[in-house]
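Next comes model16.cif, with mmCIF, C-alpha atoms and all ligand atoms.
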```
data_model
loop_
_atom_site.label_atom_id
_atom_site.label_comp_id
_atom_site.auth_asym_id
_atom_site.auth_seq_id
_atom_site.Cartn_x
_atom_site.Cartn_y
_atom_site.Cartn_z
CA MET A 1 0.00 0.00 0.00
CA PRO A 2 1.50 3.43 -0.91
CA LEU A 3 2.12 5.88 1.94
CA SER A 4 -0.44 8.67 2.29
CA PRO A 5 1.15 12.09 1.95
CA PHE A 6 2.44 13.74 5.13
CA GLU A 7 4.44 16.81 6.05
CA LEU A 8 7.75 16.09 7.80
CA HIS A 9 8.75 18.64 10.47
CA ARG A 10 12.36 18.50 11.62
CA VAL A 11 12.53 20.14 15.06
CA GLY A 12 15.45 21.27 17.19
CA THR A 13 13.85 21.38 20.65
CA VAL A 14 11.37 19.46 22.78
CA ALA A 15 9.30 22.65 23.03
CA GLU A 16 8.99 22.88 19.21
CA ALA A 17 7.99 19.22 19.02
CA GLY A 18 5.35 19.72 21.72
CA ALA A 19 3.93 22.80 19.98
CA LEU A 20 3.50 20.88 16.70
CA LEU A 21 1.95 17.91 18.49
CA ASP A 22 -0.50 20.27 20.25
CA GLU A 23 -1.34 22.10 17.02
CA HIS A 24 -2.02 18.96 14.96
CA ALA A 25 -3.23 16.69 17.80
CA ASP A 26 -4.44 13.32 16.42
CA ASP A 27 -3.11 14.16 12.95
CA ALA A 28 0.53 14.22 14.17
CA ALA A 29 3.01 11.62 15.44
CA ILE A 30 6.58 11.67 16.61
CA TYR A 31 8.99 10.12 14.15
CA ALA A 32 12.40 8.82 15.25
CA GLY A 33 13.87 5.88 13.29
CA GLY A 34 10.50 5.08 11.70
CA THR A 35 11.00 1.30 11.93
CA GLU A 36 7.61 0.85 13.61
CA LEU A 37 5.86 4.02 12.48
CA LEU A 38 6.49 3.69 8.75
CA LEU A 39 5.41 0.05 8.90
CA LEU A 40 2.11 1.13 10.46
CA LEU A 41 1.63 3.78 7.79
CA LYS A 42 2.52 1.40 4.95
CA LEU A 43 0.10 -1.23 6.24
CA GLY A 44 -2.61 1.40 6.53
CA PHE A 45 -3.01 0.84 10.30
CA ALA A 46 -2.43 4.55 10.95
CA SER A 47 -2.41 7.77 8.98
CA TYR A 48 -0.94 11.15 9.96
CA GLY A 49 -0.73 14.42 8.04
CA HIS A 50 2.28 15.53 10.13
CA LEU A 51 5.34 13.63 11.33
CA VAL A 52 7.56 15.38 13.88
CA ASP A 53 11.15 14.21 13.42
CA VAL A 54 12.80 14.43 16.84
CA LYS A 55 16.22 13.11 15.80
CA PRO A 56 17.78 16.58 15.40
CA ILE A 57 17.06 17.45 19.07
CA ASP A 58 20.44 17.44 20.89
CA GLU A 59 18.82 16.47 24.18
CA LEU A 60 17.48 13.28 22.55
CA ARG A 61 20.93 12.30 21.22
CA ARG A 62 22.80 12.47 24.54
CA LEU A 63 24.82 9.51 25.70
CA GLU A 64 26.62 10.39 28.91
CA ILE A 65 27.33 9.37 32.46
CA LEU A 66 25.82 11.63 35.13
CA GLU A 67 26.98 10.65 38.60
CA ASP A 68 25.96 7.00 38.99
CA ARG A 69 23.74 6.62 35.93
CA LEU A 70 23.94 6.34 32.16
CA VAL A 71 21.74 8.92 30.44
CA ILE A 72 20.57 7.78 27.02
CA GLY A 73 18.78 10.29 24.79
CA ALA A 74 15.58 8.72 23.48
CA ALA A 75 16.68 8.95 19.82
CA VAL A 76 19.93 7.02 20.40
CA THR A 77 19.81 3.85 18.30
CA HIS A 78 20.17 0.28 19.50
CA ARG A 79 23.30 -0.05 17.35
CA VAL A 80 25.01 2.90 19.05
CA LEU A 81 24.25 1.39 22.46
CA GLU A 82 25.51 -2.02 21.36
CA ARG A 83 28.81 -0.59 20.09
CA SER A 84 29.53 2.40 22.36
CA GLU A 85 32.76 2.03 24.36
CA LEU A 86 31.18 4.05 27.17
CA VAL A 87 28.29 1.59 27.44
CA ARG A 88 30.37 -1.54 26.95
CA ALA A 89 32.78 -0.49 29.68
CA GLY A 90 30.29 0.60 32.35
CA TRP A 91 27.04 -1.18 31.34
CA PRO A 92 28.25 -4.31 29.50
CA ASP A 93 25.03 -6.27 30.15
CA LEU A 94 22.99 -3.47 28.55
CA ALA A 95 25.28 -3.42 25.49
CA ARG A 96 24.92 -7.21 25.14
CA MET A 97 21.11 -7.05 25.37
CA GLU A 98 21.01 -4.26 22.76
CA GLY A 99 23.09 -6.41 20.41
CA GLU A 100 20.33 -9.03 20.46
CA VAL A 101 17.49 -6.70 19.44
CA ALA A 102 16.06 -7.37 15.94
CA ASN A 103 18.65 -7.36 13.15
CA VAL A 104 21.43 -4.98 12.27
CA ARG A 105 19.25 -2.94 9.89
CA VAL A 106 16.58 -2.30 12.54
CA ARG A 107 19.21 -1.71 15.24
CA SER A 108 20.99 0.87 13.05
CA THR A 109 17.84 2.95 12.56
CA GLY A 110 15.55 2.11 15.47
CA SER A 111 15.94 4.04 18.70
CA LEU A 112 15.63 2.91 22.28
CA GLY A 113 13.05 5.64 22.88
CA GLY A 114 10.99 4.47 19.88
CA ASN A 115 11.00 0.92 21.23
CA LEU A 116 9.73 2.02 24.66
CA ALA A 117 7.25 4.61 23.38
CA PHE A 118 5.71 2.10 20.95
CA ALA A 119 5.25 -0.31 23.89
CA ASP A 120 5.01 -3.44 21.79
CA PRO A 121 4.72 -6.17 24.46
CA HIS A 122 7.45 -8.12 22.62
CA SER A 123 10.27 -5.83 23.71
CA ASP A 124 13.75 -6.78 24.89
CA PRO A 125 14.73 -3.38 26.36
CA ALA A 126 11.51 -2.93 28.35
CA THR A 127 12.12 -6.16 30.29
CA PHE A 128 15.82 -5.46 30.76
CA LEU A 129 15.31 -1.86 31.87
CA LEU A 130 12.60 -2.88 34.33
CA ALA A 131 15.03 -5.28 36.04
CA SER A 132 17.74 -2.56 35.91
CA GLY A 133 15.65 -0.06 37.86
CA ALA A 134 15.79 2.38 34.94
CA VAL A 135 13.84 5.63 34.81
CA VAL A 136 12.44 7.52 31.81
CA GLU A 137 12.37 11.30 31.48
CA LEU A 138 9.33 12.77 29.73
CA GLY A 139 9.32 16.35 28.49
CA ARG A 140 6.96 19.14 27.50
CA ALA A 141 8.32 22.62 26.79
CA GLN A 142 10.79 23.26 29.66
CA THR A 143 9.10 20.83 32.08
CA ARG A 144 10.49 17.34 32.71
CA ARG A 145 9.06 14.49 34.77
CA ARG A 146 10.57 11.12 35.62
CA LEU A 147 8.89 7.71 35.86
CA GLY A 148 10.02 4.15 36.50
CA ILE A 149 9.55 1.70 33.62
CA ASP A 150 6.65 0.01 35.45
CA ALA A 151 4.79 3.33 35.60
CA PHE A 152 5.65 4.17 31.97
CA VAL A 153 4.70 0.99 30.11
CA LEU A 154 1.01 0.61 30.93
CA GLY A 155 -0.06 -2.09 28.47
CA PRO A 156 0.12 -3.16 24.85
CA TYR A 157 0.93 -0.03 22.79
CA GLU A 158 0.00 2.12 25.77
CA THR A 159 2.33 4.35 27.80
CA ALA A 160 2.09 7.14 30.34
CA LEU A 161 3.06 9.74 27.68
CA ALA A 162 0.54 12.59 27.81
CA PRO A 163 -0.62 14.31 24.58
CA GLY A 164 2.16 16.57 23.32
CA GLU A 165 4.76 14.96 25.56
CA VAL A 166 8.10 13.63 24.29
CA LEU A 167 10.15 10.77 25.71
CA CYS A 168 13.45 12.59 26.23
CA ALA A 169 15.81 10.16 27.92
CA ILE A 170 16.29 6.85 29.65
CA GLU A 171 18.47 6.70 32.75
CA VAL A 172 20.07 3.40 33.70
CA PRO A 173 21.67 3.15 37.15
CA ARG A 174 25.25 1.89 37.37
CA LEU A 175 25.41 -1.66 38.69
CA PRO A 176 26.61 -1.80 42.29
CA GLU A 177 29.85 -3.72 42.91
CA GLY A 178 29.46 -7.50 42.68
CA THR A 179 26.31 -7.32 40.55
CA GLY A 180 25.54 -9.21 37.34
CA MET A 181 22.65 -9.06 34.90
CA THR A 182 21.53 -11.67 32.40
CA HIS A 183 18.94 -11.10 29.67
CA LEU A 184 17.54 -14.23 28.04
CA ARG A 185 15.10 -14.35 25.16
CA LEU A 186 13.47 -16.79 22.83
CA ALA A 187 12.18 -15.70 19.43
CA PHE A 188 10.37 -17.68 16.76
CA HIS A 189 9.41 -14.68 14.67
CA GLU A 190 10.89 -11.19 14.35
CA ARG A 191 10.15 -10.08 17.89
CA PRO A 192 10.81 -12.07 21.06
CA ALA A 193 8.24 -14.59 22.34
CA ALA A 194 9.69 -14.47 25.85
CA THR A 195 12.18 -12.19 27.61
CA VAL A 196 13.60 -12.63 31.10
CA SER A 197 16.10 -10.35 32.83
CA ALA A 198 17.80 -11.24 36.11
CA TRP A 199 19.71 -8.83 38.36
CA VAL A 200 21.77 -10.40 41.17
CA ARG A 201 24.21 -8.89 43.70
CA VAL A 202 26.66 -11.09 45.54
CA ALA A 203 28.51 -10.12 48.72
CA ASP A 204 30.79 -12.36 50.82
CA GLY A 205 30.11 -15.30 48.51
CA ARG A 206 26.33 -15.20 49.00
CA VAL A 207 23.38 -13.64 47.20
CA ALA A 208 22.67 -10.31 48.86
CA GLU A 209 19.96 -8.98 46.52
CA ALA A 210 18.07 -10.31 43.49
CA ARG A 211 15.46 -9.08 41.00
CA LEU A 212 13.72 -10.68 38.06
CA ALA A 213 11.66 -9.14 35.25
CA VAL A 214 9.62 -11.13 32.74
CA GLY A 215 8.19 -9.79 29.50
CA SER A 216 6.94 -10.50 25.97
CA VAL A 217 4.74 -13.42 27.09
CA GLY A 218 1.94 -11.22 28.43
CA VAL A 219 0.61 -7.73 27.84
CA ARG A 220 3.42 -5.86 29.60
CA PRO A 221 6.71 -6.59 31.38
CA VAL A 222 6.47 -7.26 35.12
CA LEU A 223 8.80 -7.46 38.09
CA VAL A 224 8.38 -10.74 39.92
CA GLY A 225 7.82 -10.32 43.66
CA GLY A 226 9.49 -12.58 46.24
CA VAL A 227 12.68 -13.32 44.27
CA ASP A 228 14.93 -11.46 46.69
CA GLU A 229 13.57 -13.34 49.71
CA ALA A 230 13.81 -16.72 47.95
CA LEU A 231 17.48 -16.33 46.98
CA ASN A 232 18.90 -14.23 49.80
CA GLY A 233 21.91 -15.91 51.43
CA GLN A 234 22.18 -18.67 48.82
CA SER A 235 25.44 -19.73 47.21
CA PRO A 236 25.61 -18.33 43.63
CA GLY A 237 26.86 -21.62 42.16
CA ALA A 238 24.33 -23.87 43.91
CA PHE A 239 20.84 -22.46 44.23
CA GLU A 240 18.43 -24.72 46.09
CA PRO A 241 16.16 -26.39 43.49
CA SER A 242 13.12 -25.70 45.69
CA ALA A 243 13.89 -21.95 45.65
CA LEU A 244 14.20 -21.93 41.85
CA ALA A 245 10.99 -23.93 41.50
CA ALA A 246 9.16 -21.45 43.74
CA ILE A 247 10.53 -18.50 41.74
CA GLY A 248 9.56 -20.19 38.45
CA ALA A 249 5.98 -20.56 39.70
CA MET A 250 5.85 -16.93 40.91
CA ALA A 251 7.30 -15.69 37.60
CA ALA A 252 4.83 -17.68 35.49
CA GLU A 253 1.93 -16.34 37.54
CA ALA A 254 3.12 -12.71 37.57
CA ALA A 255 3.77 -12.66 33.81
CA GLU A 256 0.16 -13.64 32.98
CA PRO A 257 1.08 -15.25 29.63
CA VAL A 258 -1.40 -14.99 26.78
CA THR A 259 -2.01 -17.41 23.92
CA ASP A 260 -0.93 -15.95 20.57
CA ALA A 261 1.03 -16.78 17.40
CA ASP A 262 4.08 -17.61 19.55
CA GLY A 263 2.34 -20.37 21.48
CA SER A 264 -0.19 -21.22 24.15
CA ALA A 265 -0.26 -19.61 27.57
CA ASP A 266 0.70 -22.99 29.12
CA TYR A 267 3.70 -23.30 26.86
CA LYS A 268 4.82 -19.77 27.72
CA GLU A 269 4.48 -20.53 31.44
CA ALA A 270 6.89 -23.42 30.96
CA LEU A 271 9.25 -21.14 29.01
CA VAL A 272 9.21 -18.56 31.78
CA ARG A 273 10.02 -21.15 34.48
CA THR A 274 12.99 -22.44 32.50
CA LEU A 275 14.35 -19.05 31.45
CA ALA A 276 13.91 -17.56 34.93
CA ALA A 277 16.02 -20.28 36.59
CA ARG A 278 18.66 -20.07 33.88
CA ALA A 279 18.87 -16.26 33.94
CA LEU A 280 19.16 -16.12 37.73
CA ARG A 281 21.92 -18.75 37.77
CA GLN A 282 23.87 -16.96 35.04
CA ALA A 283 23.46 -13.53 36.63
CA ALA A 284 24.62 -14.94 39.98
CA MET A 285 27.72 -16.48 38.41
CA THR A 286 28.55 -13.19 36.67
CA ALA A 287 28.01 -11.31 39.91
CA SER A 288 30.21 -13.75 41.77
CA ALA A 289 33.02 -13.43 39.22
CA ARG A 290 32.77 -9.62 39.35
CA ALA A 291 32.84 -9.65 43.17
CA GLU A 292 35.92 -11.92 43.16
CA ALA A 293 37.69 -9.72 40.61
CA LEU A 294 37.37 -6.81 43.05
CA ALA A 295 38.59 -8.77 46.12
C1 LIG B 301 11.78 -6.46 11.74
C2 LIG B 301 11.76 -5.97 13.16
C3 LIG B 301 12.28 -6.76 14.17
C4 LIG B 301 12.26 -6.32 15.49
N1 LIG B 301 12.77 -7.13 16.49
C5 LIG B 301 12.80 -6.68 17.75
C6 LIG B 301 13.36 -7.47 18.80
O1 LIG B 301 13.89 -8.55 18.59
N2 LIG B 301 13.34 -6.95 20.08
C7 LIG B 301 12.80 -5.74 20.36
O2 LIG B 301 12.80 -5.32 21.50
N3 LIG B 301 12.28 -4.96 19.38
C8 LIG B 301 12.27 -5.40 18.10
N4 LIG B 301 11.76 -4.61 17.11
C9 LIG B 301 11.26 -3.27 17.47
C10 LIG B 301 12.37 -2.21 17.33
O3 LIG B 301 13.19 -2.22 18.45
C11 LIG B 301 11.68 -0.88 17.18
O4 LIG B 301 11.09 -0.92 15.87
C12 LIG B 301 12.53 0.36 17.26
O5 LIG B 301 13.30 0.44 18.41
C13 LIG B 301 11.60 1.58 17.21
O6 LIG B 301 12.40 2.75 17.20
P1 LIG B 301 12.19 3.86 16.09
O7 LIG B 301 13.15 4.93 16.42
O8 LIG B 301 12.27 3.29 14.71
O9 LIG B 301 10.69 4.30 16.41
P2 LIG B 301 9.60 4.93 15.42
O10 LIG B 301 9.10 3.90 14.49
O11 LIG B 301 10.10 6.20 14.84
O12 LIG B 301 8.47 5.26 16.50
C14 LIG B 301 7.77 4.22 17.15
C15 LIG B 301 6.64 4.82 17.99
O13 LIG B 301 7.18 5.54 19.09
C16 LIG B 301 6.82 6.93 19.02
N5 LIG B 301 8.04 7.65 19.40
C17 LIG B 301 9.28 7.48 18.88
N6 LIG B 301 10.19 8.23 19.54
C18 LIG B 301 9.48 8.90 20.51
C19 LIG B 301 9.86 9.83 21.52
N7 LIG B 301 11.14 10.22 21.69
N8 LIG B 301 8.89 10.29 22.33
C20 LIG B 301 7.59 9.89 22.21
N9 LIG B 301 7.20 9.02 21.26
C21 LIG B 301 8.13 8.52 20.42
C22 LIG B 301 6.39 7.17 17.58
O14 LIG B 301 5.42 8.19 17.48
C23 LIG B 301 5.78 5.82 17.23
O15 LIG B 301 4.48 5.71 17.74
C24 LIG B 301 11.74 -5.03 15.78
C25 LIG B 301 11.24 -4.22 14.76
C26 LIG B 301 11.24 -4.67 13.45
C27 LIG B 301 10.70 -3.77 12.37
#
```
Represent the supplied structure as structure tokens.
Amino acid sequence: MPLSPFELHRVGTVAEAGALLDEHADDAAIYAGGTELLLLLKLGFASYGHLVDVKPIDELRRLEILEDRLVIGAAVTHRVLERSELVRAGWPDLARMEGEVANVRVRSTGSLGGNLAFADPHSDPATFLLASGAVVELGRAQTRRRLGIDAFVLGPYETALAPGEVLCAIEVPRLPEGTGMTHLRLAFHERPAATVSAWVRVADGRVAEARLAVGSVGVRPVLVGGVDEALNGQSPGAFEPSALAAIGAMAAEAAEPVTDADGSADYKEALVRTLAARALRQAAMTASARAEALA
């Protein structure tokens, strides 16, 4: 299907973008890499008379460390995050996860902000960033507000972005000493069928803190409650099978898998149990190795 005509506005500030979005309301959309948006337009699922290209906005192209966090402008592409020396040195688990998103063509054009703002349930970064404790910064004119990923991604293709608001940046906290993250995924089609991200901190040879996020199997990514309590004090190389079984059951329940083209809800529950145990073990081993390297 040919694209319907639209006017492309290249803007230099968040305030300019917001003014255009306010002026054209439902007839305008933000355009970053276009990997999702242009597909929607080509398939005739959406139509806009005005696209607001936010890539020229400096604020949205930042990639810098501020105190203890990495600040990623929303228009920074997956490929830049995968390859950046800054990210690979300080946030290696994030760089690795980004290298697994889609294919090199999509990663070279698609932005992290576009992935989160689109809120496709089959997202790698949303699951990973939830486990990371990341925060998004939303902007309108000179005003900025910050939200955790759980408060930002509300459901399938639904976020907390207000009309006229722009996703400006994503802030990822630096991992504390002795912490490892593992992101596991399974994909049968272009986007992942299941994503699991584990965050584990080891101190004095024992698990001191643990988090687990599960996504892509249900309508939105979720943090699994009770993981910290179940693993606290355990040896990273030898988790008790009963603890992992309990976490697997909690994860499968929290994720609320749905039946779709990737498989039945029952099948996805089984996937989540397996991936959760594997991700937690791997993250714990990474954390342990990092803690030992510091000793
Ligand atoms: C073939 C294919 C395979 C894929 N595989 C994967 C995968 O394995 N894992 C995965 O996680 N993802 C996958 N994706 C999704 C991919 O990550 C996204 O398409 C990409 O990140 C979107 O970024 P973009 O800059 O192109 O967004 P765009 O297409 O430009 O925008 C997407 C949506 O977000 C809005 N938007 C964009 N930027 C902002 C902003 N700064 N503020 C507010 N709203 C904004 C737009 O209005 C639009 O609604 C795949 C996509 C394709 C096409």
Inset, instruction - For region 22-34 of chain A, please output as a VMD selection string all residues within 9 Å (counting all atoms listed in the file; exclusion window: fewer than 2 positions along the same chain). - result: chain A and resid 8 17 to 20 36 to 39 47 to 55 74 to 75 77 106 108 to 111 113 to 114 163 to 164 166
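In terms of minimum interatomic distance to ligand LIG 301 (chain B), A:Arg191 ranks closest within A:Arg211, A:Lys268, A:Arg10, A:Arg191, counting all atoms listed in the file.
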Inset, instruction - Give as an NGL selection string each residue that has an atom at most 10 Å from (6.7, 2.4, 36.3) in the file, counting all atoms listed in the file. - result: :A and (130 or 133-136 or 146-154 or 159-160 or 222)
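Residues within 9 Å of Ala291 (chain A), counting only C-alpha atoms and excluding same-chain residues fewer than 4 positions away, are Glu177, Gly178, Thr179, Arg201, Val202, Ala203, Asp204, Gly205, Thr286, Ala287 and Ala295 of chain A.
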Residues from last step as file, C-alpha atoms, as a compact mmCIF listing (two decimals), keeping the file's coordinate frame:
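Final file, again.txt:
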```txt
# COMPACT_ATOMS: atom_id res chain seq x y z
CA GLU A 177 29.85 -3.72 42.91
CA GLY A 178 29.46 -7.50 42.68
CA THR A 179 26.31 -7.32 40.55
CA ARG A 201 24.21 -8.89 43.70
CA VAL A 202 26.66 -11.09 45.54
CA ALA A 203 28.51 -10.12 48.72
CA ASP A 204 30.79 -12.36 50.82
CA GLY A 205 30.11 -15.30 48.51
CA THR A 286 28.55 -13.19 36.67
CA ALA A 287 28.01 -11.31 39.91
CA ALA A 295 38.59 -8.77 46.12
```
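Candidate residues A:Arg107, A:Arg69, A:Arg273, A:Arg96 were compared for distance to Val196 (chain A), and the nearest is A:Arg273, using only C-alpha atoms.
One finds CA of Val101 (chain A) at 10.2 Å from CA of Asn115 (chain A).
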Quick one: axis-aligned box around all listed atoms of ligand LIG 301 (chain B), 8 Å on every side, centre and edge lengths in Å to one decimal, written as lines of an AutoDock Vina configuration file.
```
center_x = 9.2
center_y = 0.9
center_z = 17.0
size_x = 25.4
size_y = 34.8
size_z = 26.6
```
Legend entry - Long-range neighbours of Met97 (chain A) as a PyMOL selection string, 10 Å cut-off, all atoms listed in the file, 4 positions minimum in chain: chain A and resi 78+81-82+92-93+101+124-125+128+181-185+197
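If you measure from each of A:Ala284, A:Val87, A:Leu271, A:Ile57 to ligand LIG 301 (chain B) using all atoms listed in the file, the closest one turns out to be A:Ile57.
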Legend entry - Long-range neighbours of Val200 (chain A) as an MDAnalysis selection string, 12 Å cut-off, only C-alpha atoms, 4 positions minimum in chain: chainID A and resid 131:132 175:183 206:213 227:228 231:236 279:291
Inset, instruction - Would you mind listing what lies within 12 Å of Met250 (chain A) as a VMD selection string, with only C-alpha atoms counted and same-chain residues fewer than 3 positions away left out? - result: chain A and resid 212 to 214 222 to 227 230 243 to 247 253 to 256 269 to 270 272 to 273 276 to 277
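Going from CA of Leu21 (chain A) to atom C7 of ligand LIG 301 (chain B) covers 26.1 Å.
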Inset, instruction - Calculate how many Å separate CA of Leu161 (chain A) from CA of Val71 (chain A), rounding to one decimal. - result: 18.9 Å
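Restricting the calculation to only C-alpha atoms, the smallest distance between Phe118 (chain A) and any of A:Thr195, A:Gln142, A:Thr35, A:Arg83 is found for A:Thr35.
Considering the residues A:His9, A:Lys42, A:Arg220, A:Arg105 and counting all atoms listed in the file, ligand LIG 301 (chain B) has its shortest atom-to-atom contact with A:Arg105.
Of the residues under consideration (A:Ala249, A:Ala194, A:Leu116, A:Val258), A:Leu116 shows the shortest atom-to-atom contact distance to ligand LIG 301 (chain B) when counting only C-alpha atoms and all ligand atoms.
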